[in-house]
Structure formats: structure tokens, C-alpha cells
file start_17.pdb (PDB, C-alpha atoms and all ligand atoms)
ATOM      1  CA  MET R  24       0.000   0.000   0.000
ATOM      2  CA  ILE R  25       1.422   3.355  -1.019
ATOM      3  CA  GLN R  26       1.246   5.817   1.826
ATOM      4  CA  THR R  27       0.917   9.495   1.186
ATOM      5  CA  GLU R  28       1.176  12.750   3.037
ATOM      6  CA  GLU R  29      -2.286  12.189   4.465
ATOM      7  CA  ASP R  30      -1.017   9.037   6.132
ATOM      8  CA  GLY R  31       1.679  11.173   7.710
ATOM      9  CA  LEU R  32       4.426   8.652   7.049
ATOM     10  CA  ARG R  33       7.904  10.132   6.822
ATOM     11  CA  SER R  34      10.692   8.313   5.125
ATOM     12  CA  GLY R  35      14.220   9.103   4.062
ATOM     13  CA  ILE R  36      17.923   8.422   4.062
ATOM     14  CA  VAL R  37      20.255   9.914   6.657
ATOM     15  CA  ALA R  38      24.038   9.697   6.268
ATOM     16  CA  ILE R  39      26.022   9.569   9.526
ATOM     17  CA  VAL R  40      29.375  11.220   8.916
ATOM     18  CA  GLY R  41      32.215  12.732  10.903
ATOM     19  CA  PRO R  42      35.789  12.170  12.022
ATOM     20  CA  PRO R  43      37.050   8.711  13.015
ATOM     21  CA  ASN R  44      36.082   7.522  16.498
ATOM     22  CA  ALA R  45      33.374  10.156  17.037
ATOM     23  CA  GLY R  46      30.846   7.441  17.870
ATOM     24  CA  LYS R  47      28.994   7.207  14.546
ATOM     25  CA  SER R  48      28.561   3.437  14.662
ATOM     26  CA  THR R  49      27.626   3.481  18.350
ATOM     27  CA  LEU R  50      24.978   6.107  17.563
ATOM     28  CA  MET R  51      23.468   4.106  14.726
ATOM     29  CA  ASN R  52      23.342   0.936  16.820
ATOM     30  CA  GLY R  53      21.837   2.880  19.728
ATOM     31  CA  LEU R  54      19.109   4.388  17.564
ATOM     32  CA  LEU R  55      18.297   1.007  16.040
ATOM     33  CA  GLY R  56      18.387  -0.735  19.408
ATOM     34  CA  GLN R  57      20.555  -3.477  17.951
ATOM     35  CA  LYS R  58      24.117  -3.965  16.894
ATOM     36  CA  ILE R  59      24.539  -3.730  13.144
ATOM     37  CA  SER R  60      27.777  -1.781  12.894
ATOM     38  CA  ILE R  61      30.958  -2.828  14.698
ATOM     39  CA  VAL R  62      32.508  -0.535  17.325
ATOM     40  CA  SER R  63      35.940  -0.225  18.904
ATOM     41  CA  PRO R  64      37.989   2.402  20.751
ATOM     42  CA  LYS R  65      40.348   2.486  17.750
ATOM     43  CA  ALA R  66      39.942   4.839  14.803
ATOM     44  CA  GLN R  67      38.923   3.471  11.415
ATOM     45  CA  THR R  68      36.982   0.479  12.623
ATOM     46  CA  THR R  69      34.231   1.001  10.037
ATOM     47  CA  ARG R  70      35.462   0.484   6.482
ATOM     48  CA  ASN R  71      32.254   0.296   4.467
ATOM     49  CA  ARG R  72      28.941   2.027   4.262
ATOM     50  CA  ILE R  73      26.667   0.137   6.655
ATOM     51  CA  MET R  74      22.922   0.543   6.354
ATOM     52  CA  GLY R  75      20.681   0.451   9.409
ATOM     53  CA  ILE R  76      16.922   0.726   8.975
ATOM     54  CA  MET R  77      14.760   2.174  11.754
ATOM     55  CA  ASN R  78      11.012   1.711  11.623
ATOM     56  CA  GLY R  79       8.302   3.455  13.610
ATOM     57  CA  ASP R  80       4.538   3.650  13.144
ATOM     58  CA  GLN R  81       4.955   6.955  11.384
ATOM     59  CA  TYR R  82       8.402   6.726   9.845
ATOM     60  CA  GLN R  83      11.186   4.757   8.272
ATOM     61  CA  ILE R  84      14.688   6.163   8.545
ATOM     62  CA  VAL R  85      17.458   4.535   6.540
ATOM     63  CA  PHE R  86      20.755   5.385   8.247
ATOM     64  CA  LEU R  87      24.056   5.065   6.426
ATOM     65  CA  ASP R  88      26.936   4.605   8.845
ATOM     66  CA  THR R  89      30.195   5.548   7.156
ATOM     67  CA  PRO R  90      33.963   5.336   7.657
ATOM     68  CA  GLY R  91      35.467   8.397   9.353
ATOM     69  CA  LEU R  92      36.343  11.450   7.307
ATOM     70  CA  HIS R  93      40.045  12.194   7.578
ATOM     71  CA  ARG R  94      43.031  13.099   5.457
ATOM     72  CA  ALA R  95      43.928   9.777   3.901
ATOM     73  CA  ARG R  96      47.140   8.786   2.168
ATOM     74  CA  GLU R  97      46.904   5.006   1.923
ATOM     75  CA  PRO R  98      44.704   3.368  -0.763
ATOM     76  CA  LEU R  99      42.482   1.605   1.789
ATOM     77  CA  ASN R 100      41.944   4.832   3.716
ATOM     78  CA  GLN R 101      41.320   6.852   0.579
ATOM     79  CA  GLU R 102      38.694   4.320  -0.393
ATOM     80  CA  MET R 103      37.123   4.663   3.069
ATOM     81  CA  VAL R 104      36.947   8.462   2.812
ATOM     82  CA  ARG R 105      35.508   8.160  -0.699
ATOM     83  CA  ILE R 106      32.764   5.872   0.644
ATOM     84  CA  ALA R 107      31.958   8.407   3.377
ATOM     85  CA  ARG R 108      31.829  11.352   0.974
ATOM     86  CA  ASP R 109      29.814   9.452  -1.634
ATOM     87  CA  SER R 110      27.300   8.529   1.046
ATOM     88  CA  LEU R 111      26.473  12.217   1.323
ATOM     89  CA  ARG R 112      25.098  12.312  -2.213
ATOM     90  CA  SER R 113      21.366  11.948  -2.621
ATOM     91  CA  VAL R 114      20.484  11.669   1.049
ATOM     92  CA  ASP R 115      17.677  13.552   2.751
ATOM     93  CA  ALA R 116      19.739  14.648   5.717
ATOM     94  CA  ALA R 117      23.250  14.331   7.116
ATOM     95  CA  LEU R 118      24.098  13.756  10.727
ATOM     96  CA  PHE R 119      27.542  15.131  11.475
ATOM     97  CA  VAL R 120      28.903  13.523  14.636
ATOM     98  CA  ILE R 121      31.790  14.881  16.666
ATOM     99  CA  ASP R 122      33.402  13.837  19.935
ATOM    100  CA  VAL R 123      33.079  16.665  22.474
ATOM    101  CA  SER R 124      35.568  15.091  24.853
ATOM    102  CA  LEU R 125      38.470  15.920  22.536
ATOM    103  CA  PRO R 126      40.418  19.016  23.506
ATOM    104  CA  LEU R 127      39.676  22.029  21.359
ATOM    105  CA  PRO R 128      42.413  24.560  22.070
ATOM    106  CA  GLU R 129      41.757  28.199  21.182
ATOM    107  CA  LYS R 130      44.211  28.368  18.305
ATOM    108  CA  ASN R 131      42.827  25.213  16.779
ATOM    109  CA  ARG R 132      39.312  26.454  16.444
ATOM    110  CA  ALA R 133      39.654  28.182  13.093
ATOM    111  CA  GLU R 134      41.364  25.122  11.670
ATOM    112  CA  LYS R 135      38.705  22.788  13.032
ATOM    113  CA  GLY R 136      36.038  24.998  11.548
ATOM    114  CA  GLN R 137      37.660  24.900   8.138
ATOM    115  CA  GLU R 138      38.040  21.154   8.301
ATOM    116  CA  LEU R 139      34.394  20.758   9.175
ATOM    117  CA  ALA R 140      33.282  23.124   6.427
ATOM    118  CA  GLY R 141      35.534  21.245   3.989
ATOM    119  CA  HIS R 142      33.787  17.991   4.767
ATOM    120  CA  ILE R 143      30.294  19.314   4.367
ATOM    121  CA  GLU R 144      30.760  22.073   1.800
ATOM    122  CA  GLU R 145      29.374  20.021  -1.083
ATOM    123  CA  VAL R 146      26.394  18.925   0.958
ATOM    124  CA  THR R 147      23.108  20.380  -0.141
ATOM    125  CA  CYS R 148      20.860  18.499   2.277
ATOM    126  CA  PRO R 149      20.083  19.719   5.805
ATOM    127  CA  VAL R 150      22.823  18.908   8.317
ATOM    128  CA  ILE R 151      22.257  18.141  11.992
ATOM    129  CA  LEU R 152      25.256  18.359  14.294
ATOM    130  CA  ALA R 153      25.425  15.700  16.988
ATOM    131  CA  LEU R 154      27.769  16.638  19.827
ATOM    132  CA  ASN R 155      28.519  13.166  21.099
ATOM    133  CA  LYS R 156      29.991  11.802  24.344
ATOM    134  CA  VAL R 157      28.397  14.467  26.570
ATOM    135  CA  ASP R 158      28.812  12.010  29.433
ATOM    136  CA  LEU R 159      32.527  12.884  29.359
ATOM    137  CA  VAL R 160      32.345  16.701  29.646
ATOM    138  CA  ASN R 161      30.909  19.294  31.976
ATOM    139  CA  LYS R 162      28.097  21.733  31.184
ATOM    140  CA  GLU R 163      30.387  24.737  30.696
ATOM    141  CA  LYS R 164      32.497  23.052  28.059
ATOM    142  CA  LEU R 165      29.407  21.783  26.318
ATOM    143  CA  LEU R 166      27.770  25.218  26.204
ATOM    144  CA  ALA R 167      30.978  26.739  24.850
ATOM    145  CA  LEU R 168      31.163  24.071  22.142
ATOM    146  CA  ILE R 169      27.542  24.545  21.133
ATOM    147  CA  GLU R 170      28.249  28.239  20.645
ATOM    148  CA  ILE R 171      31.418  27.598  18.616
ATOM    149  CA  TYR R 172      29.879  25.044  16.322
ATOM    150  CA  ALA R 173      26.584  26.841  15.837
ATOM    151  CA  ALA R 174      28.581  29.770  14.447
ATOM    152  CA  LEU R 175      30.483  27.588  11.963
ATOM    153  CA  TYR R 176      27.686  26.328   9.772
ATOM    154  CA  PRO R 177      23.920  26.784   9.452
ATOM    155  CA  PHE R 178      23.053  23.477  11.089
ATOM    156  CA  GLN R 179      19.369  22.534  11.232
ATOM    157  CA  ALA R 180      19.956  21.660  14.853
ATOM    158  CA  VAL R 181      22.836  21.189  17.275
ATOM    159  CA  ILE R 182      22.088  18.276  19.576
ATOM    160  CA  PRO R 183      24.206  17.203  22.545
ATOM    161  CA  LEU R 184      23.940  13.474  23.104
ATOM    162  CA  SER R 185      25.538  10.347  24.420
ATOM    163  CA  ALA R 186      25.406   7.618  21.810
ATOM    164  CA  LEU R 187      26.586   5.136  24.408
ATOM    165  CA  HIS R 188      24.032   5.935  27.104
ATOM    166  CA  GLY R 189      21.125   6.982  24.911
ATOM    167  CA  ASP R 190      20.789  10.576  26.130
ATOM    168  CA  GLY R 191      19.528  12.913  23.426
ATOM    169  CA  HIS R 192      18.266  10.149  21.115
ATOM    170  CA  ASP R 193      14.644  11.297  21.434
ATOM    171  CA  ARG R 194      15.466  14.863  20.528
ATOM    172  CA  LEU R 195      17.574  13.698  17.589
ATOM    173  CA  LEU R 196      14.758  11.532  16.328
ATOM    174  CA  ALA R 197      12.294  14.409  16.645
ATOM    175  CA  GLU R 198      14.581  16.726  14.646
ATOM    176  CA  LEU R 199      15.095  14.102  11.936
ATOM    177  CA  LEU R 200      11.369  13.551  11.624
ATOM    178  CA  ARG R 201      10.855  17.277  11.233
ATOM    179  CA  ILE R 202      13.282  17.309   8.282
ATOM    180  CA  LEU R 203      12.454  14.082   6.459
ATOM    181  CA  PRO R 204       9.962  14.195   3.596
ATOM    182  CA  PHE R 205       6.607  12.429   3.542
ATOM    183  CA  GLY R 206       6.781   9.222   1.577
ATOM    184  CA  PRO R 207       6.440   5.451   1.587
ATOM    185  CA  ARG R 208       8.857   3.047   3.247
ATOM    186  CA  TYR R 209      11.756   2.068   0.984
ATOM    187  CA  TYR R 210      12.387  -1.243   2.715
ATOM    188  CA  SER R 211      10.216  -3.909   4.250
ATOM    189  CA  GLU R 212       9.746  -3.425   7.988
ATOM    190  CA  ASP R 213      11.374  -6.678   9.013
ATOM    191  CA  ILE R 214      14.901  -6.118   7.713
ATOM    192  CA  PRO R 215      17.311  -4.058   9.826
ATOM    193  CA  THR R 216      20.019  -3.753   7.155
ATOM    194  CA  ASP R 217      20.837  -4.483   3.518
ATOM    195  CA  ALA R 218      24.119  -6.161   4.474
ATOM    196  CA  SER R 219      24.380  -9.925   3.993
ATOM    197  CA  GLU R 220      24.860 -12.307   6.911
ATOM    198  CA  ARG R 221      28.312 -13.177   5.503
ATOM    199  CA  PHE R 222      29.335  -9.545   5.603
ATOM    200  CA  LEU R 223      28.026  -9.033   9.144
ATOM    201  CA  VAL R 224      29.853 -12.169  10.302
ATOM    202  CA  ALA R 225      33.121 -10.954   8.737
ATOM    203  CA  GLU R 226      32.615  -7.612  10.494
ATOM    204  CA  ILE R 227      32.092  -9.273  13.885
ATOM    205  CA  ILE R 228      35.370 -11.181  13.469
ATOM    206  CA  ARG R 229      37.136  -7.979  12.432
ATOM    207  CA  GLU R 230      35.736  -6.225  15.513
ATOM    208  CA  LYS R 231      37.246  -8.857  17.803
ATOM    209  CA  VAL R 232      40.612  -8.390  16.082
ATOM    210  CA  PHE R 233      40.284  -4.641  16.736
ATOM    211  CA  LEU R 234      39.421  -5.264  20.376
ATOM    212  CA  LEU R 235      41.944  -8.008  21.125
ATOM    213  CA  THR R 236      45.078  -7.033  19.235
ATOM    214  CA  GLY R 237      47.257  -3.950  19.490
ATOM    215  CA  GLU R 238      49.433  -1.606  17.475
ATOM    216  CA  GLU R 239      49.155  -1.906  13.705
ATOM    217  CA  ILE R 240      47.469  -5.315  13.647
ATOM    218  CA  PRO R 241      43.829  -4.114  13.412
ATOM    219  CA  TYR R 242      44.657  -1.836  10.484
ATOM    220  CA  SER R 243      46.531  -4.644   8.739
ATOM    221  CA  THR R 244      43.657  -7.091   8.999
ATOM    222  CA  ALA R 245      40.868  -8.100   6.659
ATOM    223  CA  VAL R 246      38.457 -11.000   7.034
ATOM    224  CA  LEU R 247      37.354 -13.352   4.264
ATOM    225  CA  ILE R 248      34.445 -15.738   4.768
ATOM    226  CA  GLU R 249      35.514 -18.870   2.915
ATOM    227  CA  SER R 250      32.475 -21.014   3.568
ATOM    228  CA  PHE R 251      29.142 -20.585   5.309
ATOM    229  CA  LYS R 252      27.003 -23.698   5.648
ATOM    230  CA  GLU R 253      23.670 -23.981   7.370
ATOM    231  CA  ASP R 254      22.475 -27.377   8.546
ATOM    232  CA  ALA R 255      18.818 -26.761   9.257
ATOM    233  CA  ALA R 256      18.263 -30.294  10.601
ATOM    234  CA  LYS R 257      20.980 -29.875  13.220
ATOM    235  CA  GLY R 258      20.251 -26.180  13.745
ATOM    236  CA  LEU R 259      23.933 -25.488  13.221
ATOM    237  CA  VAL R 260      25.860 -23.015  11.093
ATOM    238  CA  THR R 261      29.450 -23.860  10.201
ATOM    239  CA  ILE R 262      31.620 -20.956   9.136
ATOM    240  CA  HIS R 263      35.202 -21.022   7.903
ATOM    241  CA  ALA R 264      36.939 -17.678   7.763
ATOM    242  CA  ALA R 265      40.425 -16.387   7.089
ATOM    243  CA  ILE R 266      41.921 -13.499   9.006
ATOM    244  CA  VAL R 267      44.157 -11.901   6.415
ATOM    245  CA  VAL R 268      47.251  -9.977   7.519
ATOM    246  CA  GLU R 269      49.884  -8.168   5.517
ATOM    247  CA  ARG R 270      53.086  -9.725   6.825
ATOM    248  CA  GLU R 271      54.398 -13.027   8.151
ATOM    249  CA  SER R 272      55.385 -11.365  11.468
ATOM    250  CA  GLN R 273      51.763 -10.288  12.028
ATOM    251  CA  LYS R 274      50.503 -13.812  11.598
ATOM    252  CA  GLY R 275      52.271 -14.974  14.745
ATOM    253  CA  ILE R 276      50.860 -12.075  16.744
ATOM    254  CA  VAL R 277      47.271 -12.825  15.719
ATOM    255  CA  ILE R 278      47.705 -16.523  16.510
ATOM    256  CA  GLY R 279      49.449 -15.818  19.826
ATOM    257  CA  LYS R 280      51.456 -18.164  22.029
ATOM    258  CA  GLY R 281      50.016 -21.636  21.697
ATOM    259  CA  GLY R 282      47.161 -20.181  19.660
ATOM    260  CA  VAL R 283      45.590 -18.363  22.628
ATOM    261  CA  LYS R 284      44.973 -15.069  20.818
ATOM    262  CA  LEU R 285      43.248 -16.652  17.845
ATOM    263  CA  LYS R 286      41.199 -18.771  20.219
ATOM    264  CA  ALA R 287      40.058 -15.684  22.158
ATOM    265  CA  ILE R 288      39.122 -13.914  18.913
ATOM    266  CA  GLY R 289      37.187 -16.993  17.783
ATOM    267  CA  THR R 290      35.319 -17.443  21.067
ATOM    268  CA  ALA R 291      34.305 -13.779  21.302
ATOM    269  CA  ALA R 292      33.245 -13.712  17.649
ATOM    270  CA  ARG R 293      31.265 -16.934  17.884
ATOM    271  CA  LYS R 294      29.202 -15.586  20.798
ATOM    272  CA  ASP R 295      28.179 -12.503  18.790
ATOM    273  CA  ILE R 296      27.581 -14.506  15.618
ATOM    274  CA  GLU R 297      25.219 -16.816  17.493
ATOM    275  CA  ILE R 298      23.234 -13.775  18.622
ATOM    276  CA  LEU R 299      23.187 -12.372  15.081
ATOM    277  CA  LEU R 300      22.143 -15.621  13.387
ATOM    278  CA  ASP R 301      20.117 -16.893  16.340
ATOM    279  CA  GLN R 302      21.650 -20.320  15.767
ATOM    280  CA  LYS R 303      24.402 -22.471  17.194
ATOM    281  CA  THR R 304      27.603 -21.741  15.316
ATOM    282  CA  MET R 305      30.862 -23.551  14.651
ATOM    283  CA  LEU R 306      33.494 -21.029  13.723
ATOM    284  CA  LYS R 307      36.823 -22.094  12.270
ATOM    285  CA  LEU R 308      39.402 -19.355  11.906
ATOM    286  CA  TRP R 309      42.829 -19.410  10.361
ATOM    287  CA  VAL R 310      45.353 -16.697   9.624
ATOM    288  CA  LYS R 311      46.618 -16.077   6.135
ATOM    289  CA  VAL R 312      49.289 -13.705   4.855
ATOM    290  CA  HIS R 313      48.484 -11.644   1.798
ATOM    291  CA  LYS R 314      51.442  -9.337   1.331
ATOM    292  CA  ASN R 315      50.364  -5.678   1.459
ATOM    293  CA  TRP R 316      46.727  -6.528   0.783
ATOM    294  CA  SER R 317      45.664  -3.004   1.753
ATOM    295  CA  LYS R 318      47.493  -1.685  -1.292
ATOM    296  CA  ASP R 319      46.181  -4.390  -3.614
ATOM    297  CA  GLU R 320      43.225  -2.905  -5.465
ATOM    298  CA  LYS R 321      42.069  -6.295  -6.728
ATOM    299  CA  PHE R 322      41.977  -7.704  -3.188
ATOM    300  CA  LEU R 323      40.190  -4.585  -1.927
ATOM    301  CA  ARG R 324      37.477  -5.213  -4.514
ATOM    302  CA  GLU R 325      37.298  -8.868  -3.484
ATOM    303  CA  ILE R 326      36.662  -8.062   0.184
ATOM    304  CA  ALA R 327      34.202  -5.355  -0.827
ATOM    305  CA  GLY R 328      32.389  -8.251  -2.535
ATOM    306  CA  ASN R 329      31.863  -9.741   0.952
ATOM    307  CA  THR R 330      28.791  -7.532   1.106
TER     308      THR R 330
HETATM  309  N1  LIG R 401      31.956   7.773  26.791
HETATM  310  C1  LIG R 401      31.397   7.606  25.600
HETATM  311  N2  LIG R 401      32.024   6.846  24.672
HETATM  312  C2  LIG R 401      31.430   6.693  23.482
HETATM  313  C3  LIG R 401      30.179   7.297  23.163
HETATM  314  N3  LIG R 401      29.870   6.966  21.896
HETATM  315  C4  LIG R 401      30.860   6.179  21.448
HETATM  316  N4  LIG R 401      31.806   5.998  22.387
HETATM  317  C5  LIG R 401      33.039   5.199  22.281
HETATM  318  O1  LIG R 401      33.875   5.768  21.276
HETATM  319  C6  LIG R 401      34.603   4.736  20.604
HETATM  320  C7  LIG R 401      34.397   4.856  19.102
HETATM  321  O2  LIG R 401      33.075   4.541  18.805
HETATM  322  P1  LIG R 401      32.616   4.132  17.337
HETATM  323  O3  LIG R 401      31.132   4.040  17.340
HETATM  324  O4  LIG R 401      33.386   2.938  16.845
HETATM  325  O5  LIG R 401      33.086   5.447  16.521
HETATM  326  P2  LIG R 401      33.081   5.702  14.935
HETATM  327  O6  LIG R 401      34.478   5.459  14.488
HETATM  328  O7  LIG R 401      32.701   7.142  14.771
HETATM  329  O8  LIG R 401      32.084   4.779  14.330
HETATM  330  C8  LIG R 401      34.119   3.414  21.181
HETATM  331  O9  LIG R 401      35.036   2.993  22.159
HETATM  332  C9  LIG R 401      32.777   3.772  21.799
HETATM  333  O10 LIG R 401      32.417   2.941  22.880
HETATM  334  C10 LIG R 401      29.528   8.105  24.188
HETATM  335  O11 LIG R 401      28.453   8.656  24.015
HETATM  336  N5  LIG R 401      30.208   8.216  25.357
HETATM  337 MG    MG R 402      32.339   3.364  12.884
END

call {"tool": "encode", "arguments": {"input": "start_17.pdb", "output": "C-alpha cells"}}
result
Amino acid sequence: MIQTEEDGLRSGIVAIVGPPNAGKSTLMNGLLGQKISIVSPKAQTTRNRIMGIMNGDQYQIVFLDTPGLHRAREPLNQEMVRIARDSLRSVDAALFVIDVSLPLPEKNRAEKGQELAGHIEEVTCPVILALNKVDLVNKEKLLALIEIYAALYPFQAVIPLSALHGDGHDRLLAELLRILPFGPRYYSEDIPTDASERFLVAEIIREKVFLLTGEEIPYSTAVLIESFKEDAAKGLVTIHAAIVVERESQKGIVIGKGGVKLKAIGTAARKDIEILLDQKTMLKLWVKVHKNWSKDEKFLREIAGNT
């Protein structure tokens, strides 16, 4: 059934953009009330555009979580920034997320402002600024920041929130619904994302690598799902996946002494995968070296095909 303005249904696409680590993925998951996008304390966790669909009686909002906007030199990072910028085309609104707990020294303000304007200068849709992580700052700093940012760009709204704790979500939703056009739902109400189960599984494994390894390892890691078999009779899913690193020396670190690290990654991932698939899961992981994969355009296309 096509719904029209009289039905009062609002529907649209909202891109979530901003610097790395601002809490974009946490915010999308929090709004959806379920984990679609992976999260870690390290920058550049999100590498693709991840769609999260939020349905209410009177609305459907299609969120696009994106990799962080930053100055990128490496091919993988340039690709990530391209994905973020491209996501801003043909959306109904953009949600620009920043981390208010970061220091903002006086002399940096002009530069920050320019950087922000640079990221959103080509944007023609309304932009809402989400000042995230308010749980980490005091009122005075927050008020000062609101003033600074409100002067930088004609935002539709400047909303302090805590993606992690849920504060400010209601106000954000209300502002989005004010902006979004009337129209029918784009997607059926029972799917929370357009990403495949294989892709989401690969992301969960990658998240555990981000959380359980240090230094350059997370940035040097990709995950390939090699097989994914469902045995409906047994109610069991068997997944084989390769954790791909760039150098031989990294392989040993991911495996760990006596295989403990790889085991911990596998156990943590399996728990989340079982929640995602709502089925018992057997997860077999191995580590494979693909020299400098992050500079190999063909390989980058192959893992993009995970989706
Ligand atoms: N204290 C606090 N931490 C947050 C909040 N939102 C996100 N984080 C943390 O910030 C880090 C980066 O979050 P993530 O969603 O991956 O950021 P993204 O790179 O912008 O997607 C994670 O450790 C989150 O737990 C918040 O509202 N408060
Ligand atoms: Mg993210």
C-alpha cells in the first residue's frame, strides 16, 4: 500500500558522517536498538557504508553509517573516505557527529572549523550536528562548544547526546522527523540492514581483532568468509573464515602463544555470531598472509564483494 502525506508517514535516508572515532557506529546501533555496525575504541573500525533501517509507526529512517572522514594517504583509507563522501550524495539529511571530549584549544578552532566546512561544503541536504559523548564533559564546556559550532555552519539543529548511554536520542529523532519528507517506506519493515549475513559475520570477526590485538594489527587485517554452511536439521551453522594480515610477522601475533589469541578472537566472535544468526555456530578461523593486501586494489574489490 502506497502511503501518502495524508497518512503522515515520513521516510528518508540519513548519512552519519564525521571524524574517526566520534561514535557514529555506536549512535546508529543505539538508535536502532541493535548492533549492526561494529565498534571499537580504535579509529577506522568502520570500512564500508553500513545501512541500518529504523522503523516506527509513522516513519522509516534509513541510516548510512560511514567510515570516518580524515586526510587519507593510503589506498584503503582513501577508499574509506571516498565511501563516506559518496554517502552524502542523494540523502535527505546528514548527521555530522563529533566527539566533544576531545580538547579544542583556542588556536585550533579556526582550523577545526575549516576542516568541518571542507567535509560538508558540497552537501546540499540539511545537516544536523550531533555533539557526542556528553557524558565525558561538563556543562560549561558543552555550552561553549555549542556556541562555537553553531557559528560555523547553518546546522538545522545542534544536539548534545551520548550515543553510548542513549541521552539525546529522542530529541535527535524528533529533529530528523521534522526534516524528512513524507513518503512510503523504501524497505520492508522486518529487515534491519541491507548487508548480507556473511558480511556481518566478517565484520564481527574484524571487531574482535580490533578489540583483542594492538598496534598496527587491526589496520593490517581483513576477514574473508571462505564457507558458510547452514544445517537446518541440526540447527547449526558452520563458518570457515580467514583473518588476512599483511606480513608473516603479524601472523604470529594474531595466533598468539600456543594459539591463545586466535582462540580468544574466535570465542568472542562466535558468541556474537550466534546472537546475530540466532543459531548455534561452529566457527573455524585461520590466519593467512596476503602481502600488502591493503594496497592491492584487486583484493580490496574482493573483500568489498563480501557484502
Ligand atoms: N563515553 C562515551 N564513549 C562513546 C560514546 N559513543 C561512542 N563511544 C566510544 O567511542 C569509541 C568509538 O566509537 P565508534 O562508534 O566505533 O566510533 P566511529 O568510528 O565514529 O564509528 C568506542 O570505544 C565507543 O564505545 C559516548 O556517548 N560516550
Ligand atoms: Mg564506525

call {"tool": "closest_residue", "arguments": {"input": "start_17.pdb", "among": "R:Ile84, R:Leu184, R:Ile73, R:Ala107", "to": "Pro207 (chain R)", "atoms": "all atoms listed in the file"}}
result
R:Ile84

call {"tool": "resolve_selection", "arguments": {"input": "start_17.pdb", "expression": "the PyMOL selection byres (((not hetatm)) within 10 of (chain R and resi 402))", "output": "JSON, numbers by chain"}}
result
{"R": [39, 40, 41, 42, 43, 44, 45, 46, 47, 48, 49, 50, 51, 60, 61, 62, 63, 64, 65, 66, 67, 68, 69, 70, 71, 72, 73, 88, 89, 90, 91]}

call {"tool": "residues_around", "arguments": {"input": "start_17.pdb", "residues": "Phe322 (chain R)", "least_positions_apart": "2", "cutoff": "12 Å", "atoms": "all atoms listed in the file", "output": "JSON, numbers by chain"}}
result
{"R": [98, 99, 245, 246, 247, 267, 269, 313, 314, 315, 316, 317, 318, 319, 320, 324, 325, 326, 327, 328, 329]}

call {"tool": "resolve_selection", "arguments": {"input": "start_17.pdb", "expression": "the PyMOL selection byres (((chain R and resi 253) around 12) and not hetatm)", "output": "MDAnalysis selection string"}}
result
chainID R and resid 220:221 250:252 254:263 300:305

call {"tool": "residues_around", "arguments": {"input": "start_17.pdb", "residues": "region 273-286 of chain R", "least_positions_apart": "3", "cutoff": "10 Å", "atoms": "all atoms listed in the file", "output": "PyMOL selection string"}}
result
chain R and resi 231-232+235-237+239-241+243-244+266-270+289-292+307-312

call {"tool": "write_last_selection", "arguments": {"input": "start_17.pdb", "atoms": "C-alpha atoms", "output": "mmCIF file, in the coordinates of the input"}}
result
data_model
loop_
_atom_site.group_PDB
_atom_site.id
_atom_site.type_symbol
_atom_site.label_atom_id
_atom_site.label_comp_id
_atom_site.auth_asym_id
_atom_site.auth_seq_id
_atom_site.Cartn_x
_atom_site.Cartn_y
_atom_site.Cartn_z
ATOM 1 C CA LYS R 231 37.246 -8.857 17.803
ATOM 2 C CA VAL R 232 40.612 -8.390 16.082
ATOM 3 C CA LEU R 235 41.944 -8.008 21.125
ATOM 4 C CA THR R 236 45.078 -7.033 19.235
ATOM 5 C CA GLY R 237 47.257 -3.950 19.490
ATOM 6 C CA GLU R 239 49.155 -1.906 13.705
ATOM 7 C CA ILE R 240 47.469 -5.315 13.647
ATOM 8 C CA PRO R 241 43.829 -4.114 13.412
ATOM 9 C CA SER R 243 46.531 -4.644 8.739
ATOM 10 C CA THR R 244 43.657 -7.091 8.999
ATOM 11 C CA ILE R 266 41.921 -13.499 9.006
ATOM 12 C CA VAL R 267 44.157 -11.901 6.415
ATOM 13 C CA VAL R 268 47.251 -9.977 7.519
ATOM 14 C CA GLU R 269 49.884 -8.168 5.517
ATOM 15 C CA ARG R 270 53.086 -9.725 6.825
ATOM 16 C CA GLY R 289 37.187 -16.993 17.783
ATOM 17 C CA THR R 290 35.319 -17.443 21.067
ATOM 18 C CA ALA R 291 34.305 -13.779 21.302
ATOM 19 C CA ALA R 292 33.245 -13.712 17.649
ATOM 20 C CA LYS R 307 36.823 -22.094 12.270
ATOM 21 C CA LEU R 308 39.402 -19.355 11.906
ATOM 22 C CA TRP R 309 42.829 -19.410 10.361
ATOM 23 C CA VAL R 310 45.353 -16.697 9.624
ATOM 24 C CA LYS R 311 46.618 -16.077 6.135
ATOM 25 C CA VAL R 312 49.289 -13.705 4.855
#

call {"tool": "residues_around", "arguments": {"input": "start_17.pdb", "residues": "Ile169 (chain R)", "least_positions_apart": "2", "cutoff": "9 Å", "atoms": "only C-alpha atoms", "output": "ChimeraX atom specification"}}
result
/R:154,164-167,171-174,181-183

call {"tool": "residues_near_point", "arguments": {"input": "start_17.pdb", "point": "(16.5, 14.8, 11.7)", "cutoff": "9 Å", "atoms": "only C-alpha atoms", "output": "list in words"}}
result
Val37, Ala116, Ala117, Leu118, Pro149, Val150, Ile151, Gln179, Ala180, Arg194, Leu195, Leu196, Ala197, Glu198, Leu199, Leu200, Arg201, Ile202 and Leu203 of chain R

call {"tool": "atom_distance", "arguments": {"input": "start_17.pdb", "atom1": "CA of Leu55 (chain R)", "atom2": "CA of Leu87 (chain R)"}}
result
11.9 Å

call {"tool": "axis_aligned_box", "arguments": {"input": "start_17.pdb", "around": "ligand LIG 401 (chain R)", "padding_each_side": "4 Å", "output": "lines of an AutoDock Vina configuration file"}}
result
center_x = 31.7
center_y = 5.8
center_z = 20.6
size_x = 14.6
size_y = 13.7
size_z = 20.5

call {"tool": "closest_residue", "arguments": {"input": "start_17.pdb", "among": "R:Ile36, R:Leu159, R:Leu54, R:Leu92", "to": "ligand LIG 401 (chain R)", "atoms": "only C-alpha atoms and all ligand atoms"}}
result
R:Leu159

call {"tool": "resolve_selection", "arguments": {"input": "start_17.pdb", "expression": "the PyMOL selection byres (((chain R and resi 33) around 6) and not hetatm)", "output": "PyMOL selection string"}}
result
chain R and resi 32+34+82+204-206

call {"tool": "closest_residue", "arguments": {"input": "start_17.pdb", "among": "R:Leu168, R:Leu234, R:Val85, R:Leu323", "to": "ligand LIG 401 (chain R)", "atoms": "only C-alpha atoms and all ligand atoms"}}
result
R:Leu234

call {"tool": "closest_residue", "arguments": {"input": "start_17.pdb", "among": "R:Leu111, R:Leu152, R:Ile228, R:Val160", "to": "ligand LIG 401 (chain R)", "atoms": "all atoms listed in the file"}}
result
R:Val160

call {"tool": "closest_residue", "arguments": {"input": "start_17.pdb", "among": "R:Ala95, R:Leu299, R:Val114, R:Ala153", "to": "ligand LIG 401 (chain R)", "atoms": "all atoms listed in the file"}}
result
R:Ala153
